[in-house]
Amino acid sequence: MPATRIVVPATAKKGDVIEIKTLINHVMETGFRHDNSGKPIPRDIITRFTCTYAGEEVFRMDLFTGVAANPFVAFTTIATETGDLVFEWTDQHGVVTRGQARITVT
Amino acid sequence: MQGSFLQAQAGGFSRRLIIAGGLCVLVLPLSDNPAQATPESMAEAMREALGTEVSIKAGRVKIDLPELAENSNSVPLKISVESPMSTTDHVKTIYVFSELNPVSNVVRFHLGPRSGVARVQTRIRLAGTQRITVVAQMNDGSLWSGAANVVVTQAACFDGT
Amino acid sequence: MNVRRVVASVVLTVVFAPLLALAEEPARAIPLPQLRSGKEFVSAETRAQQDDLTVNPGMLWVDQGEKLWREPAGPAGRSCASCHGEPSSLTGAATRYPAYDAGAQRLLDLEGRIQQCRTERQKALPFAYEMQPLLALTTLVAYQSRGLPIHVDISGTVRPAFEIGRRLYYEQQGQLNISCAQCHEQNWGKRLRTERISQGHPNGFPAYRLEWQTLGSLSRRLRACFQGVRAEPFEAGSSELVAIELYLAWRAEGLPIETPAVRR
């Protein structure tokens, strides 16, 4: 499973807009490169990233070949309740990588 | 950085995207070689994403891209869209298009009232010096756009490792 | 005055003075106050990417390293943690590398030292240079010294290796027939195409290199330099490459470790 890095504030006040940053270790092979013998290297990319907060999807990203390797995204969401933020990266083959972080909202 | 919307050459073609403000983008047949990206294939990608008879207004979209890219493999991109992000007035989708990359769609962000603000960051690949166009679609279907130019240069030394 | 005596002393001085110089601190082509990290030769955006650990892609390898640190390996099921406790116990270690290793009886860079632990202490299969686990562990260990100044020992047993490294640094190489010094000593700060030539310091490695679209070791970066001048690169971990790394570390005396740095 590729390494992921999730940065979420551990605590927040209800109603605060918090910033979430994530990274995933992925080559995001475009399909336009060739190896040393001239053979094309097949495309292999993550195509979708979602963030679900206490069961509801609050952010979604569609990735294409133009997203840099080791995709990084920063986005915002309102701290509504204490709960789990679940992050899912899906690649073009449908393989899902999952990560999680808990936030305490007071 | 905001810029005026991309303008293409006129010609006798059947479909048109009409942009308010007097700018026109014409949809031309896709080129045979998908790696030869053109403003026309970008227009086609935009038509597919946004629809044909649409009106895109320049404004509300702020793009932060370096004027000179350190390396074409990874260029930091920050986008913010002026919007209250309320249930009745919010950004639904942010589209990023390239006029030069082999794939015109670069990335899309889906937001909503729970986003609080319309502000996203990522890092993108740029196939060369070009203009990046960002379109924000609101919950009422209205479209706003911004654009930014980036100069991309080649690495000084060959690295075959 | 005894002429013979005077002549004898002059001859002795001329013969022995160079040897004395060899045992002293070598002259620095770039004086210490003028040292500039590679960080100062990249764009502001790239510097920001390095400084903000919440966006620095190299941190993926630090995180991986932390997981591997606790993974048992070898027949005795020993992890790094079994002997070293927490990664922070190695704070400062990376500032001293390359260093002579009594166990291996040769000069080792940080990767080589970790290999040594793996094969001799954990009795586990070694990782090749540039394999992800070795990159992760090296980055984790160097990260513990982030902000600390480089200071290597070039005395005693390692002095000959230092001299080899220095000689190779000044030797013109490859089809382009350029030495490291010609770019990084004589022309640092000037432009090569649109890039500003750095002083070529190793303090950010292993580093996330935008050109590689991944994180890589100092060995990989040096091998890339050799390719850049169309020269046959030395093998990673070879005594020549480690000797050059020792020379570079001495040359970077006092510069803070920035691992994982972001470079172009």
# chains A, B, ... in the order shown; residues from 1 in each chain; ligands from 1
>>> residues_around(residues="A:Thr104", least_positions_apart="6", cutoff="10 Å", atoms="only C-alpha atoms", output="PDB file with N, CA and C atoms, in the first residue's frame")
ATOM      1  N   PRO A   9      -5.754  19.203  11.756  1.00  0.00           N
ATOM      2  CA  PRO A   9      -5.609  19.652  13.150  1.00  0.00           C
ATOM      3  C   PRO A   9      -6.299  18.664  14.096  1.00  0.00           C
ATOM      4  N   ALA A  10      -5.680  18.406  15.225  1.00  0.00           N
ATOM      5  CA  ALA A  10      -6.241  17.418  16.158  1.00  0.00           C
ATOM      6  C   ALA A  10      -7.529  17.933  16.797  1.00  0.00           C
ATOM      7  N   THR A  11      -7.564  19.247  17.003  1.00  0.00           N
ATOM      8  CA  THR A  11      -8.754  19.835  17.624  1.00  0.00           C
ATOM      9  C   THR A  11      -9.166  21.084  16.866  1.00  0.00           C
ATOM     10  N   ALA A  12     -10.448  21.457  17.002  1.00  0.00           N
ATOM     11  CA  ALA A  12     -10.935  22.693  16.378  1.00  0.00           C
ATOM     12  C   ALA A  12     -12.195  23.133  17.102  1.00  0.00           C
ATOM     13  N   LYS A  13     -12.505  24.430  16.919  1.00  0.00           N
ATOM     14  CA  LYS A  13     -13.771  24.927  17.499  1.00  0.00           C
ATOM     15  C   LYS A  13     -14.860  24.724  16.468  1.00  0.00           C
ATOM     16  N   LYS A  14     -16.039  24.414  16.938  1.00  0.00           N
ATOM     17  CA  LYS A  14     -17.170  24.167  16.029  1.00  0.00           C
ATOM     18  C   LYS A  14     -17.385  25.398  15.155  1.00  0.00           C
ATOM     19  N   ALA A  79     -15.255  22.550  10.590  1.00  0.00           N
ATOM     20  CA  ALA A  79     -15.254  21.616  11.720  1.00  0.00           C
ATOM     21  C   ALA A  79     -16.672  21.600  12.297  1.00  0.00           C
ATOM     22  N   THR A  80     -17.377  20.501  12.056  1.00  0.00           N
ATOM     23  CA  THR A  80     -18.782  20.438  12.476  1.00  0.00           C
ATOM     24  C   THR A  80     -18.960  19.598  13.742  1.00  0.00           C
ATOM     25  N   GLU A  81     -18.240  18.503  13.866  1.00  0.00           N
ATOM     26  CA  GLU A  81     -18.424  17.605  15.017  1.00  0.00           C
ATOM     27  C   GLU A  81     -17.165  16.779  15.218  1.00  0.00           C
ATOM     28  N   THR A  82     -17.025  16.227  16.404  1.00  0.00           N
ATOM     29  CA  THR A  82     -15.933  15.286  16.664  1.00  0.00           C
ATOM     30  C   THR A  82     -16.204  14.042  15.826  1.00  0.00           C
ATOM     31  N   GLY A  83     -15.164  13.561  15.165  1.00  0.00           N
ATOM     32  CA  GLY A  83     -15.391  12.372  14.355  1.00  0.00           C
ATOM     33  C   GLY A  83     -14.182  12.022  13.518  1.00  0.00           C
ATOM     34  N   ASP A  84     -14.387  11.018  12.657  1.00  0.00           N
ATOM     35  CA  ASP A  84     -13.299  10.542  11.816  1.00  0.00           C
ATOM     36  C   ASP A  84     -13.387  11.156  10.431  1.00  0.00           C
TER      37      ASP A  84
END
>>> closest_atom_pairs(of="chain B", to="chain A", cutoff="10 Å", atoms="only C-alpha atoms", output="Markdown table")
| residue | atom | partner | partner_atom | distance |
| --- | --- | --- | --- | --- |
| B:Ala35 | CA | A:Phe32 | CA | 7.8 |
| B:Ser72 | CA | A:Ala68 | CA | 9.2 |
| B:Asn73 | CA | A:Ala68 | CA | 6.2 |
| B:Ser74 | CA | A:Ala68 | CA | 5.2 |
| B:Val75 | CA | A:Ala68 | CA | 7.7 |
| B:Pro76 | CA | A:Ala68 | CA | 9.2 |
| B:Leu77 | CA | A:Val73 | CA | 9.7 |
| B:Lys78 | CA | A:Ala74 | CA | 9.0 |
| B:Thr93 | CA | A:Met61 | CA | 9.3 |
| B:Ile94 | CA | A:Met61 | CA | 9.4 |
| B:Tyr95 | CA | A:Asp62 | CA | 9.4 |
| B:Val96 | CA | A:Gly66 | CA | 9.8 |
| B:Phe97 | CA | A:Gly66 | CA | 9.6 |
| B:Ser98 | CA | A:Gly66 | CA | 8.7 |
| B:Asn101 | CA | A:Gly66 | CA | 7.3 |
| B:Pro102 | CA | A:Phe32 | CA | 8.4 |
| B:Val103 | CA | A:Thr65 | CA | 7.0 |
| B:Ser104 | CA | A:Gly66 | CA | 8.4 |
| B:Asn105 | CA | A:Phe64 | CA | 6.6 |
| B:Val106 | CA | A:Gly66 | CA | 4.8 |
| B:Val107 | CA | A:Leu63 | CA | 5.0 |
| B:Arg108 | CA | A:Asp62 | CA | 4.9 |
| B:Phe109 | CA | A:Met61 | CA | 4.5 |
| B:His110 | CA | A:Arg60 | CA | 5.0 |
| B:Leu111 | CA | A:Phe59 | CA | 5.6 |
| B:Gly112 | CA | A:Val58 | CA | 7.0 |
| B:Pro113 | CA | A:Val58 | CA | 8.7 |
| B:Arg114 | CA | A:Ile78 | CA | 5.6 |
| B:Ser115 | CA | A:Thr77 | CA | 4.1 |
| B:Gly116 | CA | A:Ile78 | CA | 5.5 |
| B:Val117 | CA | A:Thr76 | CA | 6.8 |
| B:Ala118 | CA | A:Thr76 | CA | 7.7 |
| B:Arg119 | CA | A:Phe75 | CA | 6.2 |
| B:Val120 | CA | A:Phe75 | CA | 4.8 |
| B:Gln121 | CA | A:Ala74 | CA | 4.9 |
| B:Thr122 | CA | A:Val73 | CA | 4.6 |
| B:Arg123 | CA | A:Ala68 | CA | 5.5 |
| B:Ile124 | CA | A:Val67 | CA | 4.4 |
| B:Arg125 | CA | A:Gly66 | CA | 4.9 |
| B:Leu126 | CA | A:Gly66 | CA | 7.1 |
| B:Ala127 | CA | A:Gly66 | CA | 8.8 |
| B:Gly160 | CA | A:Asn36 | CA | 9.6 |
>>> interface_residues(of="chain C", to="chain B", cutoff="6 Å", atoms="only C-alpha atoms", output="MDAnalysis selection string")
chainID C and resid 192:193 224 228
>>> residues_around(residues="A:Val95", least_positions_apart="6", cutoff="10 Å", atoms="only C-alpha atoms", output="list in words")
Met1, Ile46, Glu88 and Trp89 of chain A
>>> select_by_dssp(residues="stretch 19-246 of chain C", states="strand (DSSP E)", output="NGL selection string")
:C and (99-101 or 106-108 or 191-192 or 195-196 or 207-209 or 214-216)
>>> interface_residues(of="chain C", to="chain A", cutoff="10 Å", atoms="only C-alpha atoms", output="list in words")
Leu53, Thr54, Val55, Asn56, Pro57, Gly58, Met59, Leu60, Trp61, Asp63, Gln64, Leu210, Trp212, Gln213 and Thr214 of chain C
>>> write_last_selection(atoms="N, CA and C atoms", output="mmCIF file, in the first residue's frame")
data_model
loop_
_atom_site.group_PDB
_atom_site.id
_atom_site.type_symbol
_atom_site.label_atom_id
_atom_site.label_comp_id
_atom_site.auth_asym_id
_atom_site.auth_seq_id
_atom_site.Cartn_x
_atom_site.Cartn_y
_atom_site.Cartn_z
ATOM 1 N N LEU C 53 6.780 21.443 6.566
ATOM 2 C CA LEU C 53 6.788 19.983 6.626
ATOM 3 C C LEU C 53 5.413 19.379 6.358
ATOM 4 N N THR C 54 4.387 20.212 6.335
ATOM 5 C CA THR C 54 3.057 19.669 6.023
ATOM 6 C C THR C 54 2.857 19.522 4.525
ATOM 7 N N VAL C 55 3.749 20.133 3.720
ATOM 8 C CA VAL C 55 3.622 19.994 2.268
ATOM 9 C C VAL C 55 4.861 19.363 1.631
ATOM 10 N N ASN C 56 5.938 19.216 2.396
ATOM 11 C CA ASN C 56 7.204 18.677 1.879
ATOM 12 C C ASN C 56 7.029 17.214 1.499
ATOM 13 N N PRO C 57 7.159 16.868 0.215
ATOM 14 C CA PRO C 57 6.925 15.475 -0.199
ATOM 15 C C PRO C 57 7.948 14.502 0.385
ATOM 16 N N GLY C 58 9.137 14.996 0.751
ATOM 17 C CA GLY C 58 10.153 14.140 1.362
ATOM 18 C C GLY C 58 9.685 13.529 2.672
ATOM 19 N N MET C 59 8.705 14.154 3.293
ATOM 20 C CA MET C 59 8.218 13.632 4.582
ATOM 21 C C MET C 59 7.548 12.272 4.431
ATOM 22 N N LEU C 60 7.110 11.951 3.211
ATOM 23 C CA LEU C 60 6.549 10.603 2.968
ATOM 24 C C LEU C 60 7.596 9.548 3.299
ATOM 25 N N TRP C 61 8.865 9.879 3.039
ATOM 26 C CA TRP C 61 9.921 8.915 3.305
ATOM 27 C C TRP C 61 10.298 8.909 4.781
ATOM 28 N N ASP C 63 8.114 9.355 7.162
ATOM 29 C CA ASP C 63 7.029 8.547 7.749
ATOM 30 C C ASP C 63 7.269 7.062 7.505
ATOM 31 N N GLN C 64 7.670 6.734 6.284
ATOM 32 C CA GLN C 64 7.963 5.338 5.944
ATOM 33 C C GLN C 64 9.110 4.821 6.803
ATOM 34 N N LEU C 210 12.800 17.496 -7.842
ATOM 35 C CA LEU C 210 11.678 17.665 -8.762
ATOM 36 C C LEU C 210 11.964 16.967 -10.094
ATOM 37 N N TRP C 212 13.598 14.269 -10.537
ATOM 38 C CA TRP C 212 13.398 12.827 -10.395
ATOM 39 C C TRP C 212 11.954 12.458 -10.120
ATOM 40 N N GLN C 213 11.175 13.439 -9.709
ATOM 41 C CA GLN C 213 9.794 13.211 -9.275
ATOM 42 C C GLN C 213 9.746 12.239 -8.096
ATOM 43 N N THR C 214 10.858 12.198 -7.363
ATOM 44 C CA THR C 214 10.882 11.347 -6.173
ATOM 45 C C THR C 214 12.061 11.765 -5.299
#
>>> atom_distance(atom1="atom CA of C:Gly74", atom2="atom CA of C:Cys117")
11.0 Å
